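> Handing over final_25.tsv, TSV, C-alpha atoms.
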```tsv
chain	number	residue	atom	x	y	z
A	7	MET	CA	-6.68	-8.08	-48.48
A	8	ARG	CA	-6.08	-11.18	-46.44
A	9	LYS	CA	-2.34	-10.56	-46.61
A	10	VAL	CA	-2.72	-6.99	-45.35
A	11	PHE	CA	-4.89	-8.21	-42.48
A	12	LEU	CA	-2.40	-10.94	-41.51
A	13	THR	CA	0.56	-8.56	-41.74
A	14	SER	CA	-1.12	-5.92	-39.56
A	15	LEU	CA	-2.15	-8.59	-37.05
A	16	LEU	CA	1.43	-9.81	-36.93
A	17	ILE	CA	2.71	-6.24	-36.42
A	18	ILE	CA	0.24	-5.70	-33.56
A	19	LEU	CA	1.24	-9.00	-31.98
A	20	VAL	CA	4.96	-8.34	-32.28
A	21	SER	CA	4.71	-4.79	-30.98
A	22	SER	CA	2.49	-5.72	-28.03
A	23	CYS	CA	4.75	-8.63	-27.17
A	24	SER	CA	7.98	-6.68	-27.20
A	25	VAL	CA	10.23	-7.28	-24.23
A	26	TYR	CA	9.77	-4.65	-21.48
A	27	GLN	CA	12.87	-2.46	-21.23
A	28	GLY	CA	12.09	-0.23	-18.25
A	29	PRO	CA	11.79	3.57	-18.33
A	30	VAL	CA	14.15	4.17	-21.29
A	31	ASP	CA	13.48	5.22	-24.88
A	32	SER	CA	15.08	2.22	-26.51
A	33	LYS	CA	16.86	-1.02	-25.78
A	34	LYS	CA	19.93	0.58	-27.38
A	35	ASP	CA	20.26	2.99	-24.43
A	36	TYR	CA	21.72	0.19	-22.32
A	37	ASN	CA	25.43	-0.54	-21.94
A	38	SER	CA	26.97	-3.34	-19.96
A	39	ASN	CA	27.46	-2.78	-16.23
A	40	ASP	CA	29.58	-4.22	-13.45
A	41	GLU	CA	28.66	-1.82	-10.61
A	42	THR	CA	26.76	-3.06	-7.57
A	43	VAL	CA	23.71	-0.97	-6.66
A	44	GLU	CA	22.88	-0.46	-2.98
A	45	ASN	CA	19.46	0.57	-1.68
A	46	ALA	CA	20.21	1.97	1.76
A	47	VAL	CA	16.60	2.23	3.05
A	48	PHE	CA	16.52	-1.12	4.89
A	49	ALA	CA	20.22	-1.98	4.72
A	50	THR	CA	21.35	-1.15	8.26
A	51	ILE	CA	21.37	-4.14	10.59
A	52	GLY	CA	19.39	-3.49	13.78
A	53	GLU	CA	17.68	-0.32	12.51
A	54	GLU	CA	13.97	-0.33	13.37
A	55	HIS	CA	11.36	1.18	11.06
A	56	VAL	CA	7.70	1.80	11.82
A	57	PHE	CA	5.30	2.94	9.10
A	58	ARG	CA	1.66	3.79	8.89
A	59	ALA	CA	0.48	1.46	6.10
A	60	GLU	CA	-2.41	2.46	3.87
A	61	VAL	CA	-3.54	-0.41	1.68
A	62	LYS	CA	-5.95	0.03	-1.23
A	63	VAL	CA	-7.13	-3.31	-2.55
A	64	PHE	CA	-9.83	-3.24	-5.24
A	65	LYS	CA	-12.22	-0.62	-3.83
A	66	LYS	CA	-11.44	-1.30	-0.19
A	67	GLU	CA	-9.10	0.69	2.00
A	68	LEU	CA	-7.33	-0.81	4.99
A	69	SER	CA	-4.79	0.62	7.34
A	70	GLY	CA	-2.37	-0.51	9.99
A	71	MET	CA	1.26	-0.41	11.00
A	72	LEU	CA	4.19	-1.97	9.19
A	73	ILE	CA	7.30	-2.77	11.20
A	74	VAL	CA	10.57	-3.59	9.42
A	75	LYS	CA	13.92	-4.54	10.91
A	76	ARG	CA	17.04	-6.04	9.37
A	77	MET	CA	17.98	-8.70	11.90
A	78	ASN	CA	21.32	-9.79	10.38
A	79	GLU	CA	23.02	-10.19	7.00
A	80	GLU	CA	20.52	-12.83	5.91
A	81	GLU	CA	17.19	-11.83	7.42
A	82	HIS	CA	14.68	-8.98	7.40
A	83	ARG	CA	11.73	-9.24	9.76
A	84	ILE	CA	8.44	-7.68	8.60
A	85	VAL	CA	5.25	-7.38	10.64
A	86	LEU	CA	1.92	-5.84	9.64
A	87	THR	CA	-0.53	-5.05	12.43
A	88	SER	CA	-4.02	-3.59	12.45
A	89	ASP	CA	-4.59	-0.22	14.14
A	90	PHE	CA	-5.77	-2.07	17.25
A	91	GLY	CA	-2.37	-3.71	17.40
A	92	ASN	CA	-3.13	-7.30	16.44
A	93	THR	CA	-0.66	-8.91	14.07
A	94	LEU	CA	-1.90	-9.69	10.58
A	95	PHE	CA	1.34	-11.29	9.42
A	96	ASP	CA	4.90	-11.71	10.59
A	97	PHE	CA	7.48	-12.73	7.96
A	98	SER	CA	11.19	-13.44	7.95
A	99	ILE	CA	12.46	-12.55	4.48
A	100	TYR	CA	15.68	-14.14	3.25
A	101	LYS	CA	17.62	-13.67	0.02
A	102	GLU	CA	16.14	-16.93	-1.15
A	103	GLY	CA	12.62	-17.42	0.14
A	104	TYR	CA	10.76	-16.53	3.29
A	105	LYS	CA	9.31	-17.97	6.48
A	106	ALA	CA	5.87	-17.04	7.82
A	107	ASN	CA	6.27	-16.76	11.62
A	108	TYR	CA	2.58	-15.95	12.07
A	109	VAL	CA	-0.27	-15.31	9.67
A	110	MET	CA	-3.81	-14.38	10.63
A	111	PRO	CA	-6.11	-17.25	9.54
A	112	ASP	CA	-8.03	-15.06	7.03
A	113	LEU	CA	-4.81	-14.32	5.10
A	114	ASN	CA	-3.32	-17.78	5.39
A	115	LYS	CA	-3.55	-18.79	1.73
A	116	LYS	CA	-0.49	-19.74	-0.23
A	117	ILE	CA	-1.20	-17.38	-3.13
A	118	VAL	CA	-1.58	-14.42	-0.72
A	119	LEU	CA	1.53	-15.33	1.28
A	120	ASN	CA	3.67	-15.73	-1.84
A	121	MET	CA	2.53	-12.37	-3.17
A	122	LEU	CA	3.18	-10.59	0.14
A	123	ALA	CA	6.60	-12.21	0.50
A	124	HIS	CA	7.46	-11.26	-3.09
A	125	ASP	CA	6.28	-7.65	-2.62
A	126	PHE	CA	8.11	-7.14	0.65
A	127	GLY	CA	11.15	-9.09	-0.50
A	128	TYR	CA	11.79	-6.46	-3.19
A	129	LEU	CA	10.94	-3.68	-0.74
A	130	VAL	CA	13.69	-4.62	1.72
A	131	ARG	CA	16.29	-5.77	-0.80
A	132	SER	CA	19.46	-3.79	-0.30
A	133	GLN	CA	21.73	-4.99	-3.08
A	134	TYR	CA	21.48	-5.59	-6.83
A	135	GLN	CA	24.02	-6.84	-9.38
A	136	PRO	CA	22.69	-5.28	-12.60
A	137	ILE	CA	23.94	-6.51	-15.95
A	138	GLU	CA	23.24	-3.31	-17.87
A	139	LYS	CA	22.72	0.40	-17.29
A	140	ALA	CA	21.31	3.37	-19.19
A	141	VAL	CA	22.52	6.82	-18.13
A	142	ASN	CA	20.85	10.16	-18.78
A	143	GLU	CA	21.10	13.59	-17.14
A	144	SER	CA	18.80	13.00	-14.19
A	145	GLN	CA	18.87	9.26	-13.64
A	146	ILE	CA	20.58	5.95	-14.20
A	147	VAL	CA	18.43	2.96	-15.03
A	148	TYR	CA	20.01	-0.37	-14.05
A	149	LYS	CA	18.68	-3.62	-15.44
A	150	SER	CA	19.03	-6.69	-13.27
A	151	LYS	CA	18.17	-10.29	-14.14
A	152	GLU	CA	15.92	-12.07	-11.65
A	153	LYS	CA	14.90	-15.66	-11.16
A	154	LYS	CA	11.57	-14.92	-12.82
A	155	GLY	CA	11.74	-11.78	-14.92
A	156	GLN	CA	13.87	-8.73	-14.34
A	157	SER	CA	14.07	-5.61	-12.24
A	158	PHE	CA	14.90	-2.01	-13.14
A	159	ILE	CA	16.53	0.12	-10.48
A	160	ILE	CA	16.31	3.86	-11.03
A	161	VAL	CA	18.98	5.88	-9.26
A	162	ASN	CA	18.99	9.66	-9.00
A	163	THR	CA	22.25	10.96	-10.49
A	164	LYS	CA	22.48	13.83	-7.97
A	165	ASP	CA	22.24	12.03	-4.62
A	166	LYS	CA	22.89	8.49	-5.92
A	167	GLU	CA	19.85	7.26	-4.03
A	168	VAL	CA	17.47	4.61	-5.36
A	169	ARG	CA	14.27	6.40	-6.33
A	170	GLU	CA	12.35	3.58	-7.90
A	171	VAL	CA	12.45	-0.16	-8.50
A	172	ILE	CA	10.28	-1.76	-11.15
A	173	TYR	CA	9.87	-5.51	-11.15
A	174	SER	CA	8.76	-6.94	-14.50
A	175	LYS	CA	8.07	-10.22	-16.22
A	176	THR	CA	9.40	-10.49	-19.77
A	177	TYR	CA	6.75	-8.39	-21.45
A	178	LYS	CA	5.08	-6.32	-18.76
A	179	PRO	CA	6.00	-4.37	-15.61
A	180	LYS	CA	4.33	-5.89	-12.53
A	181	VAL	CA	5.20	-3.89	-9.42
A	182	ARG	CA	6.65	-0.42	-8.97
A	183	TYR	CA	8.31	0.72	-5.73
A	184	LYS	CA	8.77	4.44	-5.23
A	185	PHE	CA	11.18	5.54	-2.51
A	186	GLY	CA	10.47	9.04	-1.27
A	187	GLU	CA	9.79	10.41	-4.70
A	188	GLU	CA	7.40	13.12	-3.53
A	189	VAL	CA	8.04	13.27	0.21
A	190	LYS	CA	11.24	11.91	1.77
A	191	GLY	CA	10.70	8.68	3.65
A	192	ILE	CA	7.34	7.82	2.08
A	193	ILE	CA	7.35	4.57	0.13
A	194	GLU	CA	4.73	3.49	-2.37
A	195	ILE	CA	4.18	0.00	-3.72
A	196	GLU	CA	2.05	0.03	-6.83
A	197	HIS	CA	0.85	-3.13	-8.58
A	198	LEU	CA	0.59	-2.54	-12.28
A	199	ASN	CA	-1.46	-5.64	-13.08
A	200	LEU	CA	-4.00	-5.60	-10.25
A	201	PRO	CA	-5.69	-2.94	-8.11
A	202	LEU	CA	-3.45	-3.22	-5.04
A	203	ASN	CA	-1.45	-0.26	-3.79
A	204	ILE	CA	0.36	0.23	-0.51
A	205	LYS	CA	1.55	3.55	0.87
A	206	LEU	CA	4.02	3.56	3.78
A	207	ILE	CA	4.39	6.72	5.83
A	208	PRO	CA	7.22	6.69	8.40
A	209	ILE	CA	6.28	7.15	12.08
A	210	ASP	CA	8.58	8.28	14.88
A	211	PHE	CA	8.16	5.92	17.78
B	13	MET	CA	29.69	-5.94	57.96
B	14	LYS	CA	29.85	-7.99	54.77
B	15	LYS	CA	27.23	-10.30	56.23
B	16	PHE	CA	25.00	-7.36	57.01
B	17	TYR	CA	25.17	-6.10	53.41
B	18	ALA	CA	24.48	-9.57	52.06
B	19	LEU	CA	21.45	-9.78	54.34
B	20	LEU	CA	20.29	-6.34	53.26
B	21	VAL	CA	20.59	-7.23	49.57
B	22	TRP	CA	18.73	-10.48	50.19
B	23	CYS	CA	15.93	-8.59	52.01
B	24	VAL	CA	15.57	-5.97	49.28
B	25	MET	CA	15.56	-8.62	46.55
B	26	SER	CA	13.02	-10.82	48.26
B	27	ILE	CA	10.76	-7.81	48.87
B	28	ALA	CA	11.09	-6.84	45.19
B	29	ILE	CA	10.32	-10.38	44.07
B	30	SER	CA	7.33	-10.78	46.35
B	31	TYR	CA	6.07	-7.36	45.28
B	32	ALA	CA	6.02	-8.37	41.63
B	33	GLN	CA	4.93	-11.93	42.19
B	34	GLU	CA	1.47	-13.04	41.22
B	35	VAL	CA	-0.23	-15.51	43.51
B	36	PRO	CA	-3.42	-17.40	42.69
B	37	MET	CA	-6.55	-16.13	44.46
B	38	THR	CA	-8.31	-18.37	46.94
B	39	LYS	CA	-11.85	-19.54	46.21
B	40	LEU	CA	-13.23	-16.96	48.62
B	41	GLN	CA	-11.15	-14.17	47.05
B	42	ILE	CA	-12.44	-15.14	43.59
B	43	GLU	CA	-16.05	-15.07	44.79
B	44	THR	CA	-15.60	-11.65	46.41
B	45	PHE	CA	-13.79	-10.29	43.34
B	46	ASN	CA	-16.49	-11.54	40.96
B	47	LYS	CA	-19.22	-10.12	43.13
B	48	GLU	CA	-17.53	-6.72	43.40
B	49	VAL	CA	-16.84	-6.46	39.68
B	50	SER	CA	-20.31	-7.59	38.71
B	51	ASN	CA	-21.96	-5.17	41.18
B	52	LYS	CA	-19.83	-2.35	39.79
B	53	ASN	CA	-20.77	-3.34	36.25
B	54	LYS	CA	-24.45	-2.97	37.00
B	55	GLU	CA	-23.75	0.65	37.92
B	56	ILE	CA	-21.77	1.47	34.78
B	57	LYS	CA	-23.69	3.44	32.19
B	58	THR	CA	-20.79	5.25	30.56
B	59	ILE	CA	-16.99	5.26	30.58
B	60	ASP	CA	-14.93	8.21	29.40
B	61	THR	CA	-11.20	7.53	29.52
B	62	ASP	CA	-7.87	8.25	27.88
B	63	PHE	CA	-5.78	5.27	26.88
B	64	ILE	CA	-2.22	4.41	25.91
B	65	GLN	CA	-1.71	1.39	23.70
B	66	TYR	CA	1.62	-0.43	23.72
B	67	LYS	CA	2.38	-2.96	21.03
B	68	ASN	CA	5.07	-5.39	22.08
B	69	ILE	CA	6.92	-7.23	19.31
B	70	SER	CA	9.59	-9.69	20.41
B	71	PHE	CA	12.33	-8.44	18.08
B	72	MET	CA	11.84	-4.70	18.66
B	73	SER	CA	13.94	-2.84	21.23
B	74	LYS	CA	10.96	-0.90	22.60
B	75	GLU	CA	7.18	-0.93	22.54
B	76	ILE	CA	5.25	1.00	19.88
B	77	GLU	CA	2.99	3.54	21.53
B	78	SER	CA	-0.37	4.93	20.40
B	79	LYS	CA	-2.61	7.24	22.41
B	80	GLY	CA	-6.21	8.31	22.37
B	81	LYS	CA	-9.59	8.51	24.02
B	82	MET	CA	-12.25	5.87	24.53
B	83	LEU	CA	-15.93	6.48	25.11
B	84	LEU	CA	-18.33	3.70	26.01
B	85	SER	CA	-22.07	3.92	26.45
B	86	ILE	CA	-23.71	0.72	27.64
B	87	PRO	CA	-25.07	-1.36	25.97
B	88	ASN	CA	-23.67	-0.91	22.50
B	89	LYS	CA	-21.81	2.26	21.64
B	90	LEU	CA	-18.04	2.33	21.71
B	91	LEU	CA	-15.69	4.93	20.24
B	92	TRP	CA	-11.92	4.42	20.01
B	93	LYS	CA	-10.32	7.67	19.00
B	94	TYR	CA	-6.57	7.64	18.40
B	95	ASN	CA	-4.85	11.00	18.24
B	96	SER	CA	-1.24	9.84	18.18
B	97	PRO	CA	0.76	8.92	16.13
B	98	ILE	CA	-2.10	9.53	13.68
B	99	ALA	CA	-5.72	10.66	13.91
B	100	TYR	CA	-7.89	7.61	13.46
B	101	SER	CA	-11.18	6.59	15.02
B	102	VAL	CA	-13.40	3.53	15.07
B	103	LEU	CA	-17.00	3.68	16.17
B	104	PHE	CA	-18.93	0.54	17.11
B	105	ASN	CA	-22.59	1.51	17.09
B	106	ASN	CA	-25.19	-1.25	17.39
B	107	GLN	CA	-24.30	-3.65	14.61
B	108	LYS	CA	-22.20	-1.24	12.58
B	109	ILE	CA	-18.58	-0.18	12.53
B	110	SER	CA	-17.53	3.12	11.01
B	111	ILE	CA	-13.91	4.10	10.56
B	112	ASN	CA	-12.63	7.61	10.16
B	113	ASP	CA	-9.06	7.57	8.90
B	114	GLN	CA	-7.82	11.16	8.82
B	115	GLY	CA	-11.08	12.27	7.21
B	116	LYS	CA	-11.56	9.21	4.97
B	117	LYS	CA	-14.65	7.30	6.04
B	118	ASN	CA	-15.45	3.63	5.77
B	119	ASN	CA	-18.44	1.61	7.00
B	120	ILE	CA	-18.61	-2.06	7.85
B	121	ASP	CA	-21.82	-3.88	8.67
B	122	LEU	CA	-21.21	-6.30	11.49
B	123	GLY	CA	-24.45	-8.11	10.82
B	124	ASN	CA	-22.78	-9.93	7.94
B	125	ASN	CA	-19.72	-10.98	9.87
B	126	LYS	CA	-20.29	-13.09	12.96
B	127	LYS	CA	-16.60	-13.30	13.77
B	128	PHE	CA	-16.21	-9.53	13.76
B	129	ALA	CA	-19.32	-9.18	15.90
B	130	LYS	CA	-17.84	-11.59	18.41
B	131	ILE	CA	-14.53	-9.72	18.53
B	132	ASN	CA	-16.46	-6.47	18.97
B	133	ASN	CA	-18.35	-7.94	21.92
B	134	LEU	CA	-15.05	-9.04	23.36
B	135	ILE	CA	-13.65	-5.51	23.19
B	136	VAL	CA	-16.77	-3.92	24.71
B	137	SER	CA	-16.96	-6.42	27.50
B	138	SER	CA	-13.25	-6.35	28.25
B	139	VAL	CA	-13.13	-2.61	28.79
B	140	SER	CA	-16.24	-2.64	30.94
B	141	GLY	CA	-15.10	-5.76	32.77
B	142	GLN	CA	-18.17	-7.83	31.91
B	143	MET	CA	-16.12	-10.71	30.68
B	144	PHE	CA	-16.08	-13.37	33.31
B	145	ASP	CA	-18.11	-15.67	31.16
B	146	GLU	CA	-17.14	-19.24	31.98
B	147	LYS	CA	-18.77	-20.49	28.77
B	148	GLU	CA	-16.49	-18.34	26.60
B	149	PHE	CA	-13.26	-18.46	28.61
B	150	SER	CA	-11.31	-20.63	30.95
B	151	ILE	CA	-10.37	-18.12	33.64
B	152	ARG	CA	-7.58	-18.09	36.22
B	153	TYR	CA	-7.45	-15.46	38.95
B	154	PHE	CA	-4.31	-13.98	40.50
B	155	MET	CA	-3.26	-11.08	42.64
B	156	ASP	CA	-0.07	-9.21	43.36
B	157	LYS	CA	0.58	-6.44	45.86
B	158	LYS	CA	-1.03	-3.84	43.64
B	159	ARG	CA	-3.58	-5.49	41.43
B	160	ARG	CA	-6.13	-8.21	40.94
B	161	ILE	CA	-5.68	-10.09	37.69
B	162	ALA	CA	-7.97	-12.26	35.55
B	163	LYS	CA	-6.30	-14.39	32.85
B	164	MET	CA	-8.76	-15.62	30.30
B	165	LYS	CA	-8.19	-18.13	27.53
B	166	PRO	CA	-10.88	-18.24	24.84
B	167	ILE	CA	-12.57	-21.63	24.59
B	168	ASN	CA	-13.86	-20.98	21.06
B	169	LYS	CA	-11.23	-22.33	18.66
B	170	GLU	CA	-11.95	-19.71	16.02
B	171	ILE	CA	-11.29	-16.87	18.47
B	172	SER	CA	-8.18	-18.56	19.88
B	173	GLN	CA	-6.57	-18.39	16.43
B	174	TYR	CA	-6.52	-14.61	16.89
B	175	ILE	CA	-6.10	-14.17	20.63
B	176	SER	CA	-4.50	-16.78	22.84
B	177	GLU	CA	-5.16	-14.98	26.13
B	178	ILE	CA	-6.76	-11.82	27.48
B	179	VAL	CA	-5.44	-10.52	30.78
B	180	LEU	CA	-7.47	-7.96	32.71
B	181	TYR	CA	-5.81	-5.95	35.48
B	182	PHE	CA	-7.79	-4.22	38.21
B	183	ASP	CA	-5.85	-1.67	40.28
B	184	GLU	CA	-6.12	-1.90	44.03
B	185	GLY	CA	-9.46	-0.61	45.30
B	186	GLN	CA	-10.95	-0.51	41.80
B	187	ASN	CA	-13.59	-2.74	40.31
B	188	THR	CA	-13.17	-1.60	36.73
B	189	VAL	CA	-10.39	-2.60	34.35
B	190	SER	CA	-7.27	-0.45	34.46
B	191	GLU	CA	-5.26	-2.42	31.89
B	192	VAL	CA	-6.01	-5.01	29.21
B	193	LYS	CA	-3.35	-7.25	27.72
B	194	LEU	CA	-4.21	-9.08	24.51
B	195	ILE	CA	-1.74	-11.89	23.91
B	196	GLU	CA	-1.51	-13.26	20.38
B	197	PRO	CA	-0.76	-16.84	19.32
B	198	SER	CA	2.80	-15.68	18.45
B	199	ALA	CA	3.26	-14.44	22.07
B	200	ASP	CA	3.51	-10.82	20.88
B	201	TYR	CA	1.00	-8.70	22.75
B	202	THR	CA	-0.83	-5.38	22.97
B	203	ARG	CA	-1.31	-3.63	26.31
B	204	ILE	CA	-3.97	-0.97	26.68
B	205	VAL	CA	-3.65	1.14	29.81
B	206	PHE	CA	-6.59	3.35	30.81
B	207	VAL	CA	-5.87	6.67	32.47
B	208	ASN	CA	-8.08	9.57	33.65
B	209	LYS	CA	-11.05	7.23	33.74
B	210	LYS	CA	-14.44	8.79	34.48
B	211	LEU	CA	-17.50	6.66	35.12
B	212	ASN	CA	-21.11	7.62	34.46
B	213	THR	CA	-20.46	11.13	33.29
B	214	LYS	CA	-22.96	12.42	30.76
B	215	ILE	CA	-21.59	11.80	27.27
B	216	ASP	CA	-23.11	13.86	24.49
B	217	GLU	CA	-24.76	11.61	21.87
B	218	LYS	CA	-22.97	13.65	19.22
B	219	SER	CA	-19.66	12.26	20.49
B	220	PHE	CA	-20.68	8.91	19.03
B	221	SER	CA	-20.59	10.14	15.45
B	222	ASN	CA	-17.64	9.42	13.28
```
I'd like the structure from this file rewritten - as C-alpha cells, please.

Amino acid sequence: MRKVFLTSLLIILVSSCSVYQGPVDSKKDYNSNDETVENAVFATIGEEHVFRAEVKVFKKELSGMLIVKRMNEEEHRIVLTSDFGNTLFDFSIYKEGYKANYVMPDLNKKIVLNMLAHDFGYLVRSQYQPIEKAVNESQIVYKSKEKKGQSFIIVNTKDKEVREVIYSKTYKPKVRYKFGEEVKGIIEIEHLNLPLNIKLIPIDF
Amino acid sequence: MKKFYALLVWCVMSIAISYAQEVPMTKLQIETFNKEVSNKNKEIKTIDTDFIQYKNISFMSKEIESKGKMLLSIPNKLLWKYNSPIAYSVLFNNQKISINDQGKKNNIDLGNNKKFAKINNLIVSSVSGQMFDEKEFSIRYFMDKKRRIAKMKPINKEISQYISEIVLYFDEGQNTVSEVKLIEPSADYTRIVFVNKKLNTKIDEKSFSN
C-alpha cells in the first residue's frame, strides 16, 4: 500500500513538474531552427504609437495612455500616463536592462519597476533567435532560450505575423502577449501567475 | 536697399520677440491682478466650458490631444467629461470620485486618501482661479502682450513630486483662467485650454451624475 502511495505521489510530482513546452502537443514536435523571427509591431525606428491602456490588477481597473516609440537600434521609450495626462512612468528599454527616466512616487518600488520593465521589454522586442520550431497547418511555434526561462513565439503561417508570445519559466508559463488576435492592432498582456492584465487599444493622434 | 531690408527684418523680429516675451509684473500690477481675479472668483457660481488637453512628451513629434467638456459648480462639484479620443468621465462630488469609463463605473472615496483630496482641490481651484495661496505655492507673476500669467511652484514636498509647476494663463481682459499648464518633474507637461467658457449659467443637477 505504501509503495502504491509513493509511486502515485512520484507520478504526480513528475507530471506536474514537467518542463513547459509551449502550445504544442509534445516535445517531439520541435525540430532545430536557425531562422530569425521578427516582430514588426514596434520595430520601425521613429514610429510613434499611442494606445488607450486598460489595466486590471486584482479587482481594480485603471486606465490611461501608453506611448511607445523606438528611438534607435538600441532603445525603446515607453510612457504610461493617466487620463488627466500626468506621467506614471517613463522607461527607456534596452536589449539588456532598462532605465527609469521618471516614476511616480507611488510606483517607485524595485519589484514593481522590474516587473513593468520585464513586461514591456517583451512587448517591444522585435527580434528573436529561436533554437527550435514546431510547424503545423495554421501556426509555427518557435522556442527561444532566455536569460531566465524561455519564450515561445507563435507565428501565423498565412501572413507570417507574430500572433502571440508566451514567456515561461522552466515549468510554468508566466506572461502571454497577444498581438491583434481578435481585432487588428489590439494588444493584450495577460499574466498567468497573478491577476494583472493589460489591454492596449491603438489611438489615432 | 539692402540696409532697408536688414532694418525691416530686424524690426519684424524684434516685434515678434517682444510680442512673445514674458515680463515680470510690477508690485502694483500684481496687486491689481490679484484683486481682479479674487473679485471675479466671488462672483463665480458655475463654469460650463469645453476644453482641449494637450500632452507634451519630449520625444514625441507632436502633442497628444484629448477633448471634452468641464462643468464646475462651486464649492465642490466638478465633472471632466472627455469625448475624444475615448468617452471617459470623472466626477468629483464632495469627498467622492466616480469614474465612468465607456460605461464601466468605478468609485473612489477621497476621504481615505489625503493626497488625492489635495490634488482634487488643486484641480478645482486651478480651473476657477482660486489658487493664489501663498502658503501652498511660491508664485511669480508675468505678462506678455496678450496674457497675464501666474507661475506657481508647490511648497509641499509631497505634491512637488507629482507637479513641479502650475502655470495659469489669463487672456487679456479676462479674470478667469483660459489655460492651465501642469509641468511635471520630468519637464513633460499637460496644457488644458478652455474654450466656449460660460460663467454662472444654470447647470442642471443631473449633469453631475456619472
> Choose the residue, out of B:Glu43, B:Glu34, B:Glu48, B:Asp200, that has the smallest atom-to-atom separation from chain A; count all atoms listed in the file.
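Among the listed residues, B:Asp200 lies closest to chain A.
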> Just checking: using only C-alpha atoms, which residue out of A:Phe95, A:Tyr173, A:Phe48, A:Phe158 ends up closest to chain B?
A:Phe95
> Using only C-alpha atoms, what does the table of chain B residues within 8 Å of chain A look like, with each row giving the shortest atom pair and its distance in Å to one decimal, sorted by chain and ascending number, as a Markdown table?

```
| residue | atom | partner | partner_atom | distance |
| --- | --- | --- | --- | --- |
| B:Lys67 | CA | A:Gly91 | CA | 6.0 |
| B:Met72 | CA | A:Glu54 | CA | 7.2 |
| B:Ile76 | CA | A:Phe211 | CA | 6.1 |
| B:Glu77 | CA | A:Phe211 | CA | 6.8 |
| B:Pro97 | CA | A:Ile209 | CA | 7.1 |
| B:Asn118 | CA | A:Glu67 | CA | 7.9 |
| B:Gln173 | CA | A:Pro111 | CA | 7.0 |
| B:Tyr174 | CA | A:Met110 | CA | 6.8 |
| B:Glu196 | CA | A:Asn92 | CA | 7.3 |
| B:Ser198 | CA | A:Tyr108 | CA | 6.4 |
| B:Tyr201 | CA | A:Asn92 | CA | 7.7 |
| B:Thr202 | CA | A:Gly91 | CA | 6.0 |
```
> Could you tell me how far CA of Ile195 (chain A) sits from CA of Ser38 (chain A), in Å to one decimal place?
28.2 Å
> If I take CA of Ala59 (chain A) and CA of Ala123 (chain A), how far is one from the other in Å, to one decimal?
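Going from CA of Ala59 (chain A) over to CA of Ala123 (chain A), I get 16.0 Å.
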> Give me the residues within 9 Å of region 147-152 of chain A as a VMD selection string, counting only C-alpha atoms and dropping any in the same chain fewer than 2 places off.
chain A and resid 27 to 30 36 39 43 134 to 142 145 154 to 161 173
